[in-house]
>>> print(open('my_file-v4.csv').read())   # CSV, C-alpha atoms and all ligand atoms
chain,number,residue,atom,x,y,z
A,24,MET,CA,9.8,-5.6,22.7
A,25,ARG,CA,9.1,-3.8,25.9
A,26,ASP,CA,8.1,-5.6,29.2
A,27,GLY,CA,7.3,-8.7,27.2
A,28,THR,CA,4.7,-6.9,25.0
A,29,ALA,CA,5.1,-5.6,21.4
A,30,LEU,CA,6.4,-2.1,21.2
A,31,PRO,CA,3.5,0.2,20.2
A,32,LYS,CA,4.0,2.2,17.1
A,33,ILE,CA,2.8,5.3,18.9
A,34,ARG,CA,2.8,5.6,22.7
A,35,LEU,CA,1.2,8.6,24.5
A,36,ARG,CA,1.7,9.0,28.2
A,37,GLY,CA,0.3,11.8,30.4
A,38,LEU,CA,-0.3,14.1,27.4
A,39,ARG,CA,-1.6,17.5,28.6
A,40,LYS,CA,-2.7,20.6,26.7
A,41,ALA,CA,-4.6,23.6,27.9
A,42,PHE,CA,-5.9,26.5,25.9
A,43,GLY,CA,-6.3,29.4,28.4
A,44,ALA,CA,-8.3,28.0,31.3
A,45,LYS,CA,-9.5,25.1,29.3
A,46,GLN,CA,-7.7,21.8,30.0
A,47,VAL,CA,-8.4,20.0,26.7
A,48,LEU,CA,-6.0,17.1,27.2
A,49,ASP,CA,-5.7,16.1,30.8
A,50,GLY,CA,-3.3,13.1,30.8
A,51,VAL,CA,-4.0,11.2,27.6
A,52,ASP,CA,-2.5,7.6,27.8
A,53,LEU,CA,-2.8,5.6,24.6
A,54,ASP,CA,-0.9,2.8,22.8
A,55,VAL,CA,-1.4,2.6,19.1
A,56,ALA,CA,-0.4,-0.9,18.0
A,57,ALA,CA,1.9,-1.3,14.9
A,58,GLN,CA,0.2,-2.3,11.7
A,59,HIS,CA,-3.3,-2.1,13.3
A,60,GLY,CA,-6.1,0.3,12.9
A,61,THR,CA,-7.0,2.4,15.9
A,62,VAL,CA,-9.9,4.9,16.1
A,63,ILE,CA,-10.3,7.7,18.6
A,64,LEU,CA,-13.9,8.4,19.6
A,65,GLY,CA,-15.4,11.2,21.6
A,66,GLY,CA,-17.8,14.1,21.6
A,67,SER,CA,-17.3,17.3,19.7
A,68,GLY,CA,-14.5,19.3,21.3
A,69,SER,CA,-13.2,16.4,23.4
A,70,GLY,CA,-9.7,16.8,22.1
A,71,LYS,CA,-9.4,14.2,19.3
A,72,SER,CA,-7.9,16.6,16.8
A,73,VAL,CA,-5.7,18.2,19.4
A,74,THR,CA,-4.3,14.8,20.2
A,75,ILE,CA,-3.4,14.1,16.6
A,76,LYS,CA,-2.0,17.6,16.1
A,77,CYS,CA,0.3,17.0,19.1
A,78,ILE,CA,1.6,13.8,17.5
A,79,LEU,CA,2.1,15.6,14.2
A,80,GLY,CA,4.0,18.4,15.9
A,81,LEU,CA,1.4,21.1,14.9
A,82,ILE,CA,0.6,21.7,18.6
A,83,GLU,CA,3.2,21.5,21.4
A,84,PRO,CA,1.7,19.8,24.4
A,85,ASP,CA,2.2,21.3,27.9
A,86,ALA,CA,3.4,18.0,29.4
A,87,GLY,CA,3.6,14.3,28.6
A,88,VAL,CA,5.4,11.9,26.4
A,89,ILE,CA,4.9,11.0,22.7
A,90,GLU,CA,6.9,8.0,21.5
A,91,ILE,CA,7.0,6.8,17.9
A,92,ASP,CA,8.8,3.4,17.6
A,93,GLY,CA,9.9,3.8,21.1
A,94,ARG,CA,11.6,7.2,20.5
A,95,ASP,CA,10.6,10.3,22.5
A,96,VAL,CA,9.8,12.7,19.7
A,97,LEU,CA,9.3,15.7,22.0
A,98,ARG,CA,12.8,15.5,23.2
A,99,MET,CA,14.7,14.6,20.1
A,100,PRO,CA,16.7,17.1,18.0
A,101,ARG,CA,14.5,19.1,15.5
A,102,GLY,CA,16.0,17.5,12.4
A,103,GLU,CA,15.5,14.0,13.7
A,104,ARG,CA,11.9,14.8,14.7
A,105,ARG,CA,11.3,16.1,11.2
A,106,GLU,CA,12.4,12.8,9.8
A,107,VAL,CA,10.1,10.8,12.1
A,108,LEU,CA,7.2,13.1,11.3
A,109,ASP,CA,7.9,12.8,7.6
A,110,ARG,CA,6.9,9.1,7.9
A,111,ILE,CA,3.4,10.1,8.8
A,112,GLY,CA,0.7,10.6,6.1
A,113,MET,CA,-2.5,12.5,6.8
A,114,LEU,CA,-6.0,12.6,5.3
A,115,PHE,CA,-7.5,15.9,6.4
A,116,GLN,CA,-11.2,16.2,7.2
A,117,ASN,CA,-12.1,18.2,4.2
A,118,GLY,CA,-9.5,16.8,1.9
A,119,ALA,CA,-7.5,20.1,1.9
A,120,LEU,CA,-6.6,19.8,-1.8
A,121,PHE,CA,-4.9,22.7,-3.4
A,122,ASP,CA,-7.4,24.1,-5.9
A,123,SER,CA,-4.7,25.7,-8.1
A,124,LEU,CA,-2.8,22.4,-8.6
A,125,PRO,CA,-3.8,19.5,-10.9
A,126,VAL,CA,-4.6,16.3,-9.1
A,127,TRP,CA,-1.3,14.6,-9.8
A,128,GLU,CA,0.6,17.5,-8.2
A,129,ASN,CA,-1.7,17.4,-5.2
A,130,VAL,CA,-1.1,13.7,-4.9
A,131,CYS,CA,2.7,14.0,-4.9
A,132,PHE,CA,2.8,17.4,-3.2
A,133,LYS,CA,4.9,16.4,-0.3
A,134,LEU,CA,7.4,14.4,-2.5
A,135,LEU,CA,7.7,17.4,-4.9
A,136,ALA,CA,8.0,20.0,-2.2
A,137,GLN,CA,10.8,18.0,-0.5
A,138,LYS,CA,12.4,17.4,-3.9
A,139,ARG,CA,12.4,13.7,-3.2
A,140,ILE,CA,11.1,13.0,-6.7
A,141,THR,CA,11.3,14.5,-10.3
A,142,ARG,CA,8.2,15.8,-11.9
A,143,ALA,CA,8.2,13.0,-14.4
A,144,ALA,CA,8.5,10.4,-11.6
A,145,ALA,CA,5.8,12.2,-9.6
A,146,ARG,CA,3.3,11.8,-12.5
A,147,ASP,CA,4.0,8.1,-12.6
A,148,ARG,CA,3.7,7.7,-8.8
A,149,ALA,CA,0.4,9.8,-8.9
A,150,ALA,CA,-1.0,7.5,-11.6
A,151,GLU,CA,0.0,4.4,-9.6
A,152,VAL,CA,-1.7,5.6,-6.3
A,153,LEU,CA,-4.7,7.0,-8.1
A,154,GLY,CA,-5.1,3.4,-9.5
A,155,GLN,CA,-4.9,2.0,-6.0
A,156,VAL,CA,-7.9,4.2,-5.0
A,157,GLY,CA,-9.9,3.3,-8.1
A,158,LEU,CA,-9.2,6.4,-10.3
A,159,ALA,CA,-7.9,6.5,-13.8
A,160,ALA,CA,-4.5,8.0,-14.4
A,161,SER,CA,-6.3,10.7,-16.6
A,162,VAL,CA,-7.9,12.1,-13.4
A,163,GLY,CA,-4.4,13.3,-12.6
A,164,ASP,CA,-4.7,16.1,-15.1
A,165,LEU,CA,-8.0,17.4,-13.7
A,166,TYR,CA,-8.3,20.1,-11.0
A,167,PRO,CA,-10.0,19.5,-7.6
A,168,ALA,CA,-13.0,21.7,-8.5
A,169,GLU,CA,-13.8,19.3,-11.4
A,170,LEU,CA,-14.2,16.3,-9.1
A,171,SER,CA,-17.2,15.0,-7.1
A,172,GLY,CA,-16.9,14.8,-3.3
A,173,GLY,CA,-16.2,11.1,-3.4
A,174,MET,CA,-13.5,11.6,-6.0
A,175,GLN,CA,-11.9,14.3,-4.0
A,176,LYS,CA,-11.8,12.0,-1.0
A,177,ARG,CA,-10.1,9.3,-3.1
A,178,VAL,CA,-7.5,11.9,-4.3
A,179,ALA,CA,-7.0,13.0,-0.7
A,180,LEU,CA,-6.5,9.4,0.2
A,181,ALA,CA,-4.0,8.9,-2.6
A,182,ARG,CA,-2.1,12.0,-1.4
A,183,ALA,CA,-2.0,10.6,2.2
A,184,VAL,CA,-0.2,7.5,1.1
A,185,ALA,CA,1.8,8.7,-2.0
A,186,ALA,CA,5.0,9.1,0.1
A,187,ARG,CA,4.6,5.5,1.4
A,188,PRO,CA,4.2,6.6,5.1
A,189,ASP,CA,4.4,4.0,7.8
A,190,ILE,CA,1.7,5.8,9.9
A,191,VAL,CA,-1.4,7.3,8.4
A,192,PHE,CA,-3.9,9.6,10.2
A,193,PHE,CA,-7.5,9.8,9.0
A,194,ASP,CA,-9.5,12.7,10.2
A,195,GLU,CA,-13.3,12.1,9.6
A,196,PRO,CA,-12.6,10.2,6.4
A,197,THR,CA,-16.3,9.6,5.6
A,198,THR,CA,-17.7,13.0,6.5
A,199,GLY,CA,-19.9,14.5,3.8
A,200,LEU,CA,-20.2,11.3,1.8
A,201,ASP,CA,-23.3,9.2,1.2
A,202,PRO,CA,-23.3,5.9,3.2
A,203,ILE,CA,-22.3,3.8,0.1
A,204,MET,CA,-19.5,6.1,-0.9
A,205,GLY,CA,-18.4,6.2,2.8
A,206,SER,CA,-18.3,2.4,2.8
A,207,VAL,CA,-16.3,2.4,-0.5
A,208,ILE,CA,-13.8,4.9,1.0
A,209,ASP,CA,-13.4,2.8,4.1
A,210,GLY,CA,-12.7,-0.3,1.9
A,211,LEU,CA,-10.0,1.7,0.1
A,212,ILE,CA,-8.5,2.9,3.4
A,213,VAL,CA,-8.2,-0.7,4.6
A,214,ASP,CA,-6.7,-1.7,1.3
A,215,VAL,CA,-4.1,1.0,1.0
A,216,VAL,CA,-3.1,0.8,4.7
A,217,LYS,CA,-2.7,-3.0,4.3
A,218,ARG,CA,-0.7,-2.6,1.1
A,219,LEU,CA,1.7,-0.2,2.9
A,220,GLY,CA,1.9,-2.3,6.1
A,221,ALA,CA,1.1,0.9,7.8
A,222,THR,CA,-0.4,1.8,11.2
A,223,ALA,CA,-3.6,3.8,10.9
A,224,LEU,CA,-5.0,6.2,13.5
A,225,SER,CA,-8.4,7.6,12.8
A,226,ILE,CA,-10.9,10.0,14.2
A,227,THR,CA,-14.5,9.5,13.2
A,228,HIS,CA,-18.1,10.1,14.4
A,229,ASP,CA,-19.3,7.4,12.0
A,230,MET,CA,-19.6,4.2,14.0
A,231,ALA,CA,-20.1,1.9,10.9
A,232,SER,CA,-16.9,3.4,9.6
A,233,ALA,CA,-15.1,3.0,12.9
A,234,ARG,CA,-15.9,-0.7,12.9
A,235,ARG,CA,-14.7,-1.1,9.3
A,236,ILE,CA,-11.4,0.8,9.5
A,237,ALA,CA,-10.3,0.0,13.0
A,238,ASP,CA,-9.4,-3.0,15.0
A,239,THR,CA,-9.2,-1.0,18.3
A,240,ALA,CA,-11.3,1.9,19.5
A,241,ALA,CA,-10.3,4.3,22.2
A,242,MET,CA,-12.8,6.8,23.8
A,243,ILE,CA,-11.7,10.2,25.0
A,244,HIS,CA,-13.7,12.0,27.6
A,245,HIS,CA,-12.8,14.9,29.8
A,246,GLY,CA,-9.3,15.0,28.3
A,247,ARG,CA,-8.5,11.3,29.1
A,248,ILE,CA,-8.8,8.0,27.4
A,249,VAL,CA,-11.6,6.3,29.4
A,250,TRP,CA,-12.0,3.1,27.5
A,251,THR,CA,-10.0,1.0,24.9
A,252,GLY,CA,-11.3,-2.1,23.3
A,253,PRO,CA,-12.2,-3.9,20.1
A,254,ALA,CA,-13.9,-1.7,17.5
A,255,ALA,CA,-16.1,-4.6,16.5
A,256,MET,CA,-17.8,-4.4,20.0
A,257,LEU,CA,-18.8,-0.7,19.7
A,258,GLY,CA,-22.3,-0.4,21.0
A,259,GLU,CA,-22.0,-3.6,22.9
A,260,THR,CA,-18.9,-3.0,25.0
A,261,GLY,CA,-20.6,-3.1,28.4
A,262,ASN,CA,-19.2,0.3,29.2
A,263,ALA,CA,-22.3,2.5,29.5
A,264,MET,CA,-20.5,5.7,28.3
A,265,VAL,CA,-19.0,4.1,25.2
A,266,ASP,CA,-22.2,2.2,24.3
A,267,GLN,CA,-24.3,5.4,24.7
A,268,PHE,CA,-21.9,7.3,22.5
A,269,ALA,CA,-21.7,4.5,19.9
A,270,ARG,CA,-25.5,4.1,19.7
A,271,GLY,CA,-26.1,7.8,19.7
A,272,GLU,CA,-28.5,7.6,22.6
A,273,ARG,CA,-29.7,10.8,24.4
A,274,GLU,CA,-30.0,9.2,27.7
A,275,GLY,CA,-27.0,7.8,29.6
A,276,PRO,CA,-24.0,8.8,31.6
A,277,ILE,CA,-22.8,11.4,29.1
A,278,GLN,CA,-26.1,13.2,29.0
A,279,MET,CA,-26.3,13.1,32.8
A,280,GLU,CA,-23.0,14.9,33.0
A,281,LEU,CA,-24.1,17.6,30.7
A,282,ARG,CA,-27.1,18.2,32.9
A,283,ARG,CA,-25.1,18.8,36.0
B,1,LIG,N1,-5.5,26.3,18.5
B,1,LIG,C1,-6.4,26.3,19.4
B,1,LIG,N2,-6.6,27.4,20.2
B,1,LIG,C2,-7.6,27.4,21.2
B,1,LIG,N3,-8.4,26.4,21.4
B,1,LIG,C3,-8.3,25.3,20.7
B,1,LIG,C4,-7.3,25.2,19.6
B,1,LIG,N4,-7.4,24.0,19.1
B,1,LIG,C5,-8.4,23.3,19.7
B,1,LIG,N5,-8.9,24.1,20.7
B,1,LIG,C6,-10.0,23.8,21.6
B,1,LIG,O1,-9.8,22.5,22.1
B,1,LIG,C7,-11.0,21.7,22.2
B,1,LIG,C8,-10.8,20.4,21.5
B,1,LIG,O2,-10.7,20.6,20.1
B,1,LIG,P1,-10.6,19.4,19.1
B,1,LIG,O3,-10.5,20.0,17.8
B,1,LIG,O4,-9.5,18.5,19.5
B,1,LIG,O5,-12.0,18.6,19.3
B,1,LIG,P2,-12.5,17.3,18.6
B,1,LIG,O6,-12.6,16.3,19.6
B,1,LIG,O7,-11.6,17.0,17.4
B,1,LIG,O8,-13.9,17.8,18.1
B,1,LIG,P3,-14.8,17.5,16.8
B,1,LIG,O9,-15.3,16.1,16.9
B,1,LIG,O10,-15.9,18.5,16.9
B,1,LIG,O11,-13.9,17.8,15.6
B,1,LIG,C9,-12.1,22.6,21.7
B,1,LIG,O12,-12.7,23.2,22.7
B,1,LIG,C10,-11.3,23.6,20.8
B,1,LIG,O13,-12.1,24.8,20.8
>>> encode(input="my_file-v4.csv", output="structure tokens")
Amino acid sequence: MRDGTALPKIRLRGLRKAFGAKQVLDGVDLDVAAQHGTVILGGSGSGKSVTIKCILGLIEPDAGVIEIDGRDVLRMPRGERREVLDRIGMLFQNGALFDSLPVWENVCFKLLAQKRITRAAARDRAAEVLGQVGLAASVGDLYPAELSGGMQKRVALARAVAARPDIVFFDEPTTGLDPIMGSVIDGLIVDVVKRLGATALSITHDMASARRIADTAAMIHHGRIVWTGPAAMLGETGNAMVDQFARGEREGPIQMELRR
């Protein structure tokens, strides 16, 4: 507990990152509640992926604080940081499956690479998580190229959770899927996250998906979080910018800024 409120799983304060003259993150403050789903919304190029990459340690921010379970990850020893980051699973936007590996090795890639599991145990674990995302164990022997887009997404989801992470990032989980398959994937995301008791942080442009997979939404604009509230309210938040974005309307404060 901190100041009488529950400790956030992830806490960002004053996160700043510039690329050349471009200030992409300009003081991002965000609390991601433990065992909740949070979605970051924002226009293309607004810094959603950069925020997630900073948390994952793939990009070093210029300034600010990133805490996971109350621990300052930017200022902890490298080995300790590695351990904290190992507890994060990630579903990449395009699945990012390795074409040359069968599905089961893709699913348990991290566990195998870190020698945390034998190959026989990895096959069993792959079959188990494939089952959790609605795929038969036999799919484990196929190669990614042999799968439909929806199946690839399921495999990518299985891979994101195979190491039983306590935080999972989802980057555009429904992109490229038909609306029904998108809804199926969202249902699976909710199921697997709940089963793990994990904290989910997502990025999506798909408002129906945001409402399904997240409890809380946060909107990033001009490098800062400008609104946070219940995902169920998206489109009817009373915040003109958020509602314009959620409804995909051309006219509104965001458009007016573009015209300036
Ligand atoms: N490694 C990098 N080097 C230089 N510029 C970068 C780098 N990574 C991101 N950027 C820039 O930072 C800005 C934010 O990028 P980011 O990928 O976070 O956007 P996003 O909000 O995730 O957008 P989208 O919804 O289109 O995926 C963009 O202008 C991008 O060009």
>>> closest_residue(input="my_file-v4.csv", among="A:Leu135, A:Leu124, A:Pro196, A:Ala143", to="Tyr166 in chain A", atoms="all atoms listed in the file")
A:Leu124
>>> residues_around(input="my_file-v4.csv", residues="Leu108 in chain A", least_positions_apart="3", cutoff="10 Å", atoms="all atoms listed in the file", output="ChimeraX atom specification")
/A:78-80,91,96,102-105,111-112,188,190
>>> closest_residue(input="my_file-v4.csv", among="A:Gly173, A:Lys138, A:Pro167, A:Leu114", to="Ile203 in chain A", atoms="all atoms listed in the file")
A:Gly173
>>> atom_distance(input="my_file-v4.csv", atom1="CA of Ile63 in chain A", atom2="CA of Arg187 in chain A")
22.9 Å
>>> residues_near_point(input="my_file-v4.csv", point="(10.2, 3.7, 24.2)", cutoff="12 Å", atoms="only C-alpha atoms", output="PyMOL selection string")
chain A and resi 24-26+28-36+54+88-96
>>> residues_near_ligand(input="my_file-v4.csv", ligand="ligand LIG 1 (chain B)", cutoff="10 Å", atoms="only C-alpha atoms and all ligand atoms", output="ChimeraX atom specification")
/A:40-43,45-48,63-77,81-82,116,194-195,226-228,243-244,246
>>> atom_distance(input="my_file-v4.csv", atom1="CA of Gly258 in chain A", atom2="CA of Met242 in chain A")
12.2 Å
>>> closest_residue(input="my_file-v4.csv", among="A:Val156, A:Leu211, A:Ala185, A:Val51", to="Arg235 in chain A", atoms="only C-alpha atoms")
A:Leu211
>>> atom_distance(input="my_file-v4.csv", atom1="CA of Val162 in chain A", atom2="CA of Phe132 in chain A")
15.7 Å
>>> residues_around(input="my_file-v4.csv", residues="Val126 in chain A", least_positions_apart="4", cutoff="9 Å", atoms="all atoms listed in the file", output="PyMOL selection string")
chain A and resi 120-122+130-131+149+162-167+178
>>> closest_residue(input="my_file-v4.csv", among="A:Gly60, A:Pro100, A:Gly275, A:Pro84", to="Asp209 in chain A", atoms="only C-alpha atoms")
A:Gly60
>>> residues_around(input="my_file-v4.csv", residues="Asp229 in chain A", least_positions_apart="6", cutoff="9 Å", atoms="all atoms listed in the file", output="VMD selection string")
chain A and resid 195 197 to 198 269
>>> closest_residue(input="my_file-v4.csv", among="A:Asp266, A:Glu83, A:Glu128, A:Asp109", to="Leu97 in chain A", atoms="all atoms listed in the file")
A:Glu83
>>> axis_aligned_box(input="my_file-v4.csv", around="range 197-215 of chain A", padding_each_side="5 Å", output="AutoDock Vina command-line options")
--center_x -13.7 --center_y 6.4 --center_z 2.8 --size_x 29.2 --size_y 26.2 --size_z 17.4
>>> closest_residue(input="my_file-v4.csv", among="A:Val184, A:Ala168, A:Leu134, A:Val213", to="Glu151 in chain A", atoms="only C-alpha atoms")
A:Val184
>>> residues_around(input="my_file-v4.csv", residues="His59 in chain A", least_positions_apart="4", cutoff="8 Å", atoms="all atoms listed in the file", output="ChimeraX atom specification")
/A:55,221-223,237-239
>>> decode(input="my_file-v4.csv", residues="range 208-279 of chain A", atoms="C-alpha atoms", output="mmCIF file, in the first residue's frame")
data_model
loop_
_atom_site.group_PDB
_atom_site.id
_atom_site.type_symbol
_atom_site.label_atom_id
_atom_site.label_comp_id
_atom_site.auth_asym_id
_atom_site.auth_seq_id
_atom_site.Cartn_x
_atom_site.Cartn_y
_atom_site.Cartn_z
ATOM 1 C CA ILE A 208 -9.125 -13.311 -29.608
ATOM 2 C CA ASP A 209 -10.279 -10.668 -27.127
ATOM 3 C CA GLY A 210 -12.231 -13.336 -25.238
ATOM 4 C CA LEU A 211 -9.136 -15.547 -25.124
ATOM 5 C CA ILE A 212 -7.001 -12.637 -23.922
ATOM 6 C CA VAL A 213 -9.412 -11.992 -21.079
ATOM 7 C CA ASP A 214 -9.454 -15.728 -20.215
ATOM 8 C CA VAL A 215 -5.698 -16.288 -20.210
ATOM 9 C CA VAL A 216 -4.977 -13.087 -18.307
ATOM 10 C CA LYS A 217 -7.555 -14.011 -15.681
ATOM 11 C CA ARG A 218 -6.204 -17.556 -15.418
ATOM 12 C CA LEU A 219 -2.713 -16.161 -14.735
ATOM 13 C CA GLY A 220 -3.959 -13.453 -12.385
ATOM 14 C CA ALA A 221 -1.863 -11.146 -14.559
ATOM 15 C CA THR A 222 -1.900 -7.435 -15.256
ATOM 16 C CA ALA A 223 -2.607 -6.584 -18.903
ATOM 17 C CA LEU A 224 -1.440 -3.434 -20.682
ATOM 18 C CA SER A 225 -2.646 -3.090 -24.255
ATOM 19 C CA ILE A 226 -2.395 -0.771 -27.209
ATOM 20 C CA THR A 227 -5.221 -0.786 -29.711
ATOM 21 C CA HIS A 228 -7.009 1.366 -32.251
ATOM 22 C CA ASP A 229 -10.004 -0.956 -32.082
ATOM 23 C CA MET A 230 -12.498 0.590 -29.650
ATOM 24 C CA ALA A 231 -14.704 -2.508 -29.403
ATOM 25 C CA SER A 232 -11.592 -4.471 -28.466
ATOM 26 C CA ALA A 233 -10.507 -1.804 -25.952
ATOM 27 C CA ARG A 234 -13.859 -2.061 -24.182
ATOM 28 C CA ARG A 235 -13.640 -5.866 -24.104
ATOM 29 C CA ILE A 236 -10.066 -6.331 -22.919
ATOM 30 C CA ALA A 237 -9.598 -3.338 -20.627
ATOM 31 C CA ASP A 238 -11.121 -2.019 -17.435
ATOM 32 C CA THR A 239 -9.285 1.291 -17.682
ATOM 33 C CA ALA A 240 -8.346 3.391 -20.703
ATOM 34 C CA ALA A 241 -5.669 6.076 -20.851
ATOM 35 C CA MET A 242 -5.323 8.492 -23.742
ATOM 36 C CA ILE A 243 -1.920 9.789 -24.803
ATOM 37 C CA HIS A 244 -1.717 13.048 -26.711
ATOM 38 C CA HIS A 245 1.275 15.278 -27.354
ATOM 39 C CA GLY A 246 3.442 12.941 -25.306
ATOM 40 C CA ARG A 247 1.328 13.003 -22.150
ATOM 41 C CA ILE A 248 -1.563 11.060 -20.695
ATOM 42 C CA VAL A 249 -4.434 13.538 -21.008
ATOM 43 C CA TRP A 250 -7.280 11.361 -19.730
ATOM 44 C CA THR A 251 -7.759 8.143 -17.756
ATOM 45 C CA GLY A 252 -11.118 6.535 -17.068
ATOM 46 C CA PRO A 253 -13.281 3.456 -17.436
ATOM 47 C CA ALA A 254 -12.864 1.723 -20.808
ATOM 48 C CA ALA A 255 -16.604 0.983 -20.838
ATOM 49 C CA MET A 256 -17.235 4.753 -21.147
ATOM 50 C CA LEU A 257 -15.169 5.214 -24.319
ATOM 51 C CA GLY A 258 -17.155 7.362 -26.716
ATOM 52 C CA GLU A 259 -19.242 8.767 -23.857
ATOM 53 C CA THR A 260 -16.630 10.020 -21.431
ATOM 54 C CA GLY A 261 -17.570 13.697 -21.630
ATOM 55 C CA ASN A 262 -13.968 14.476 -22.629
ATOM 56 C CA ALA A 263 -14.271 15.929 -26.141
ATOM 57 C CA MET A 264 -10.871 14.694 -27.269
ATOM 58 C CA VAL A 265 -11.333 11.146 -26.019
ATOM 59 C CA ASP A 266 -14.870 10.899 -27.354
ATOM 60 C CA GLN A 267 -13.844 12.216 -30.771
ATOM 61 C CA PHE A 268 -11.029 9.664 -30.917
ATOM 62 C CA ALA A 269 -13.192 6.785 -29.693
ATOM 63 C CA ARG A 270 -15.956 7.581 -32.181
ATOM 64 C CA GLY A 271 -13.510 8.228 -35.017
ATOM 65 C CA GLU A 272 -15.014 11.610 -35.796
ATOM 66 C CA ARG A 273 -13.268 13.960 -38.190
ATOM 67 C CA GLU A 274 -14.438 17.079 -36.426
ATOM 68 C CA GLY A 275 -13.361 17.911 -32.895
ATOM 69 C CA PRO A 276 -10.469 19.175 -30.830
ATOM 70 C CA ILE A 277 -7.946 16.747 -32.334
ATOM 71 C CA GLN A 278 -8.785 17.803 -35.895
ATOM 72 C CA MET A 279 -8.681 21.466 -34.917
#
